[in-house]
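Participant: The structure follows.
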There are 2 protein chains.
Amino acid sequence: MVSMKDLAAACNVSIATVSKALNDQHDVSAKTKEKVRKKAKELGYFPNSAAKALKTNRSHNIGVLFVDEAQSGLTHDFFANVLDSFKRTIELSDYDLTLVNCSKVNHGSMTYLERARYRGFDGVAIACIDFRDSEVIDLVDSNIPVVTIDYIFNNRIAVISDNVKGMRDLVTYVYEMGHRKIAYIHGNDSSVTQARVSSFFTTCTQLGIEVPDEYLRKADYRNTEEAYKRTMELLDLSDPPTCILYPDDFAGFGGVNAIRERGLQIPDDISVAGYDGIRIGRHIEPRLTTIRQDTEQIGKLAAENLIRLIEHPRSTIIRPIVVEGELYKGGTVKDINRVAQ
Amino acid sequence: MVSMKDLAAACNVSIATVSKALNDQHDVSAKTKEKVRKKAKELGYFPNSAAKALKTNRSHNIGVLFVDEAQSGLTHDFFANVLDSFKRTIELSDYDLTLVNCSKVNHGSMTYLERARYRGFDGVAIACIDFRDSEVIDLVDSNIPVVTIDYIFNNRIAVISDNVKGMRDLVTYVYEMGHRKIAYIHGNDSSVTQARVSSFFTTCTQLGIEVPDEYLRKADYRNTEEAYKRTMELLDLSDPPTCILYPDDFAGFGGVNAIRERGLQIPDDISVAGYDGIRIGRHIEPRLTTIRQDTEQIGKLAAENLIRLIEHPRSTIIRPIVVEGELYKGGTVKDINRVAQ
DNA sequence: TCAAAAAACGAAAACGTTTTAGAATAAAAT
DNA sequence: ATTTTATTCTAAAACGTTTTCGTTTTTTGA
């Protein structure tokens with residue numbers, strides 16, 4: 001590996017000058033800069049990030065903490081898309097992305113915070129995780145720049161999907177299609193779920209819809225089996241809903257299976273809607289009506305704001321950034337207005 | 001940040017002793033080791049990976065190069081699953097994973113190899129990428145330990161999915177179900193495609209099936225629209241196939257749409273099969289018959305072998321490791337034996 | 001032409017580790 | 001008691017950078 005020392009020797013200048021030339025500092029002449037850069041290319045010089053990080057306390061490396069309850073961070077459609085967008089954005093500013101080691105199995109393993117310090121991350125993005133975990137809280141409370149995705153800590157930048165508006169749009173749409181008996185199978189407890197459930201109720205109330213307790217049920221996110229069961233329960237009610245909302249698209253398909261197994265047609269006999277807008281949802285029948293979360297934008301904004309916080313900590317305002325989703329009108333919610341008349 | 005210097009002062013020993021105590025070297029007494037470790041915990045000491053890397057030339061960090069033609073590395077179901085398994089495995093050996101910056105957009109950006117050197121990766125896993133890219137080849141030809149996934153370079157460790165066996169199993173199954181007119185919409189040119197196509201032909205020949213040229217068509221991987229079009233073309237043939245194989249499950253659903261749009265029933269009127277075994281495929285109707293690639297195993301073996309190569313370069317044999325997939329008998333291939341009689 | 005100011009450069013310390021070679025101490029053998 | 005050997009420790013160099021501050025060189029202004 002050719003180092004600055006080699007370069008300095010080859011150029012007949014000091015190491016200090018080489019460093020300054022490559023960093024384009026003012027106190028080295030244009031001529032020397034040129035000479036050094038040329039030689040650097042010639043010798044195939046490349047800096048050593050470890051040395052640079054050691055000296056400057058900046059790694060140009062961003063950590064990402066990304067685990068969900070099912071331990072499937074990367075295979076989670078929503079977060080994979082967010083992460084992909086996040087990565088593309090930080091790369092524009094020449095940052096690298098390393099996934100924070102989450103192996104709690106590891107005997108003498110470090111906590112998230114310890115690992116972040118160990119690696120010298122300039123910042124960390126946290127998503128898809130149990131935000132009540134004390135290790136996560138330690139990290140959030142540390143002095144490392146942090147952005148959280150889909151969860152708000154009051155002292156940190158957060159980028160969240162607008163679940164309130166999303167759910168309102170969805171319920172309103174379903175309402176406009178004539179539905180009054182709307183059931184909601186919601187995900188397990190989390191801030192996202194809370195936002196959606198509360199928005200569901202608020203919207204229903206505003207629209208003058210009464211929601212019987214039995215129309216509200218719980219199922220794990222992305223769990224087709226649970227959604228299947230809850231759906232069956234709903235169908236067994238003496239007064240079943242005309243439309244069922246699911247925690248997410250994946251679960252939605254579990255519901256679809258249940259409904260079809262009962263010999264019912266979607267959307268003729270019963271309507272359904274998901275949440276997320278996973279890619280495949282648009283390509284398979286039935287085309288699930290859903291709220292498409294803007295993962296591209298969420299990832300981008302998380303990255304941009306984290307970098308701003310890293311590079312200009314003083315001028316960055318700490319506040320939640322809300323990204324709106326978009327209603328995708330698939331083919332699973334039937335317009336029953338005509339029928340009703 | 002508390003460093004070894006602070007620790008040394010607090011323990012009344014030298015920095016060297018601290019280092020050796022923490023690394024459990026033999027030439028420091030059990031008593032001092034204990035003392036140092038205790039103090040370390042007390043003061044909240046944690047090592048600095050940059051300093052360690054600088055000194056030892058080992059970063060305990062593995063790079064992953066992960067781009068596909070559609071620039072969607074992380075959102076690619078197959079590779080996301082492989083990556084997830086890969087990550088979990090390297091974490092057991094206390095490695096971290098950083099995604100290699102792929103931003104070619106970046107003006108003065110580095111090549112893959114340069115970036116790998118810059119970051120000091122102990123090894124690199126390459127997947128999901130155009131392996132004919134000269135930058136990739138430079139990386140593979142470098143002295144950095146490399147494992148390639150689903151592509152074989154003859155001087156490198158490769159972990160590949162057994163596409164030959166997979167396709168043979170699939171065709172054989174379809175054959176056993178009575179089909180003789182089997183079309184194959186294959187993905188665009190790559191070693192994976194070549195393996196599958198050649199296995200397709202070999203198996204057909206062995207089974208005594210003749211495949212007309214027009215039964216073989218090309219479509220991009222994971223592209224529902226293309227699959228849709230090719231399917232339409234196949235259905236328009238004067239002698240259409242009784243079963244269509246697709247490049248992957250995702251594309252398969254595009255084909256399903258085309259078939260249904262023609263008013264045909266799956267599998268009653270025509271059979272189809274995908275490839276990959278994506279998670280959702282088992283949960284939506286029709287349950288796509290497919291070859292489920294063992295992403296868990298692929299990721300695990302890639303990780304284990306890369307680490308072995310890093311840590312015991314001499315004793316590691318360089319050879320391709322083949323991971324078998326598994327036939328998933330969904331509901332999209334009909335047994336037409338009875339019909340034929 | 002000479003002093004003053006500005007520009008360009010370099011020496012050296014520092015970042016937090018690891019490691020080598022040797023020094024000090026303790027234990028064992030004579 | 002002395003030498004030998006084994007054990008435990010330390011000083012110091014090194015890894016490849018950045019940065020401070022001082023020195024040298026060049027330019028400017030009279």
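Every chain in the structure tokens takes a letter, A first, then B, and so on in the order presented; its residues are numbered from 1, and the ligands are numbered from 1 following the presented order.
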Taking only C-alpha atoms into account and nothing else, which residues of chain A lie no more than 8 Å away from chain B? Please answer as a ChimeraX atom specification.
Facilitator: /A:46-51,53-54,72-75,77,80-81,83-84,88,91-92,94-103,105-106,109,114,117-120,224,250,253-254,257,280,283-285
Participant: Find the residues around Leu139 in chain B up to 12 Å (only C-alpha atoms (C1' of nucleotides) counted), leave out those fewer than 2 positions away in its own chain, and share them as a VMD selection string.
Facilitator: chain B and resid 63 to 65 100 111 to 117 121 123 to 126 131 to 137 141 to 148 153 156
Participant: Residues of chain B no more than 12 Å from chain D, counting only C-alpha atoms (C1' of nucleotides): send them over as a ChimeraX atom specification.
Facilitator: /B:8,12-18,20-21,25-33,50-58,118
Participant: May I have the selected residues written with N, CA and C atoms, as an mmCIF file, in the first residue's frame?
Facilitator:
data_model
loop_
_atom_site.group_PDB
_atom_site.id
_atom_site.type_symbol
_atom_site.label_atom_id
_atom_site.label_comp_id
_atom_site.auth_asym_id
_atom_site.auth_seq_id
_atom_site.Cartn_x
_atom_site.Cartn_y
_atom_site.Cartn_z
ATOM 1 N N ALA B 8 -4.395 2.573 31.619
ATOM 2 C CA ALA B 8 -3.068 2.272 32.144
ATOM 3 C C ALA B 8 -2.795 3.109 33.386
ATOM 4 N N ASN B 12 -2.144 1.676 37.135
ATOM 5 C CA ASN B 12 -0.723 1.704 37.469
ATOM 6 C C ASN B 12 0.085 0.667 36.692
ATOM 7 N N VAL B 13 -0.278 0.505 35.447
ATOM 8 C CA VAL B 13 0.531 -0.370 34.594
ATOM 9 C C VAL B 13 0.792 0.382 33.289
ATOM 10 N N SER B 14 1.568 -0.248 32.435
ATOM 11 C CA SER B 14 1.865 0.415 31.163
ATOM 12 C C SER B 14 0.755 0.160 30.148
ATOM 13 N N ILE B 15 0.761 0.968 29.107
ATOM 14 C CA ILE B 15 -0.220 0.785 28.040
ATOM 15 C C ILE B 15 -0.080 -0.595 27.416
ATOM 16 N N ALA B 16 1.155 -1.012 27.270
ATOM 17 C CA ALA B 16 1.399 -2.323 26.664
ATOM 18 C C ALA B 16 0.707 -3.420 27.469
ATOM 19 N N THR B 17 0.834 -3.301 28.757
ATOM 20 C CA THR B 17 0.216 -4.326 29.611
ATOM 21 C C THR B 17 -1.304 -4.306 29.476
ATOM 22 N N VAL B 18 -1.837 -3.120 29.410
ATOM 23 C CA VAL B 18 -3.283 -3.015 29.221
ATOM 24 C C VAL B 18 -3.693 -3.720 27.944
ATOM 25 N N LYS B 20 -2.213 -5.994 26.271
ATOM 26 C CA LYS B 20 -2.057 -7.442 26.349
ATOM 27 C C LYS B 20 -3.067 -8.081 27.287
ATOM 28 N N ALA B 21 -3.374 -7.387 28.339
ATOM 29 C CA ALA B 21 -4.372 -7.916 29.272
ATOM 30 C C ALA B 21 -5.717 -8.066 28.565
ATOM 31 N N GLN B 25 -3.316 -12.037 26.390
ATOM 32 C CA GLN B 25 -2.034 -12.614 25.989
ATOM 33 C C GLN B 25 -1.407 -13.351 27.172
ATOM 34 N N HIS B 26 -0.451 -14.193 26.841
ATOM 35 C CA HIS B 26 0.068 -15.084 27.888
ATOM 36 C C HIS B 26 1.035 -14.394 28.852
ATOM 37 N N ASP B 27 1.668 -13.348 28.372
ATOM 38 C CA ASP B 27 2.704 -12.799 29.242
ATOM 39 C C ASP B 27 2.213 -11.661 30.142
ATOM 40 N N VAL B 28 1.044 -11.867 30.688
ATOM 41 C CA VAL B 28 0.588 -10.953 31.725
ATOM 42 C C VAL B 28 -0.174 -11.794 32.764
ATOM 43 N N SER B 29 0.075 -11.495 33.997
ATOM 44 C CA SER B 29 -0.441 -12.351 35.077
ATOM 45 C C SER B 29 -1.964 -12.284 35.174
ATOM 46 N N ALA B 30 -2.493 -13.345 35.675
ATOM 47 C CA ALA B 30 -3.953 -13.429 35.818
ATOM 48 C C ALA B 30 -4.474 -12.289 36.675
ATOM 49 N N LYS B 31 -3.687 -11.942 37.661
ATOM 50 C CA LYS B 31 -4.119 -10.897 38.575
ATOM 51 C C LYS B 31 -4.261 -9.549 37.844
ATOM 52 N N THR B 32 -3.233 -9.189 37.100
ATOM 53 C CA THR B 32 -3.307 -7.910 36.370
ATOM 54 C C THR B 32 -4.408 -7.927 35.333
ATOM 55 N N LYS B 33 -4.552 -9.050 34.668
ATOM 56 C CA LYS B 33 -5.641 -9.147 33.685
ATOM 57 C C LYS B 33 -6.955 -8.783 34.348
ATOM 58 N N ALA B 50 -10.722 2.032 14.646
ATOM 59 C CA ALA B 50 -9.855 2.679 13.657
ATOM 60 C C ALA B 50 -8.396 2.484 14.032
ATOM 61 N N ALA B 51 -8.093 2.711 15.301
ATOM 62 C CA ALA B 51 -6.709 2.546 15.747
ATOM 63 C C ALA B 51 -6.273 1.097 15.599
ATOM 64 N N LYS B 52 -7.177 0.228 15.989
ATOM 65 C CA LYS B 52 -6.869 -1.188 15.888
ATOM 66 C C LYS B 52 -6.620 -1.589 14.430
ATOM 67 N N ALA B 53 -7.499 -1.122 13.578
ATOM 68 C CA ALA B 53 -7.371 -1.460 12.158
ATOM 69 C C ALA B 53 -6.079 -0.894 11.586
ATOM 70 N N LEU B 54 -5.782 0.319 11.983
ATOM 71 C CA LEU B 54 -4.570 0.968 11.465
ATOM 72 C C LEU B 54 -3.346 0.147 11.821
ATOM 73 N N LYS B 55 -3.338 -0.318 13.040
ATOM 74 C CA LYS B 55 -2.163 -1.028 13.519
ATOM 75 C C LYS B 55 -2.092 -2.454 12.990
ATOM 76 N N THR B 56 -3.209 -3.106 12.948
ATOM 77 C CA THR B 56 -3.189 -4.534 12.635
ATOM 78 C C THR B 56 -3.479 -4.862 11.183
ATOM 79 N N ASN B 57 -3.947 -3.851 10.447
ATOM 80 C CA ASN B 57 -4.331 -4.129 9.065
ATOM 81 C C ASN B 57 -5.508 -5.088 8.961
ATOM 82 N N ARG B 58 -6.251 -5.161 10.016
ATOM 83 C CA ARG B 58 -7.470 -5.984 9.986
ATOM 84 C C ARG B 58 -8.605 -5.135 10.518
ATOM 85 N N TYR B 118 -9.671 1.347 0.663
ATOM 86 C CA TYR B 118 -9.837 2.534 1.489
ATOM 87 C C TYR B 118 -10.430 2.153 2.845
#
Participant: As a PyMOL selection string, please: every residue in range 110-314 of chain A that a backbone DSSP assignment puts in alpha helix (DSSP H).
Facilitator: chain A and resi 112-119+134-140+163-176+191-206+224-236+249-261+295-311
Participant: Taking 2 positions as the minimum chain separation for residues in the same chain, which residues sit within 9 Å of Val192 in chain A when counting only C-alpha atoms (C1' of nucleotides)? Answer as number ranges by chain.
Facilitator: A: 150-151, 160-161, 163, 187, 189-190, 194-197
Participant: I need the contact residues of chain C against chain A, so if you could list those with any atom within 10 Å, counting only C-alpha atoms (C1' of nucleotides), and return them as a ChimeraX atom specification, that would help.
Facilitator: /C:7-11,14-17
Participant: Taking only range 41-180 of chain B into account, list the residues labelled strand (DSSP E or B) by DSSP (computed from the backbone), as number ranges by chain.
Facilitator: B: 61-66, 96-99, 123-127, 146-149, 157-161
Participant: Report, in Å with one decimal, the straight-line distance from CA of Gln293 in chain B to CA of Asp248 in chain B.
Facilitator: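 Straight-line distance from CA of Gln293 in chain B to CA of Asp248 in chain B works out to 10.8 Å.
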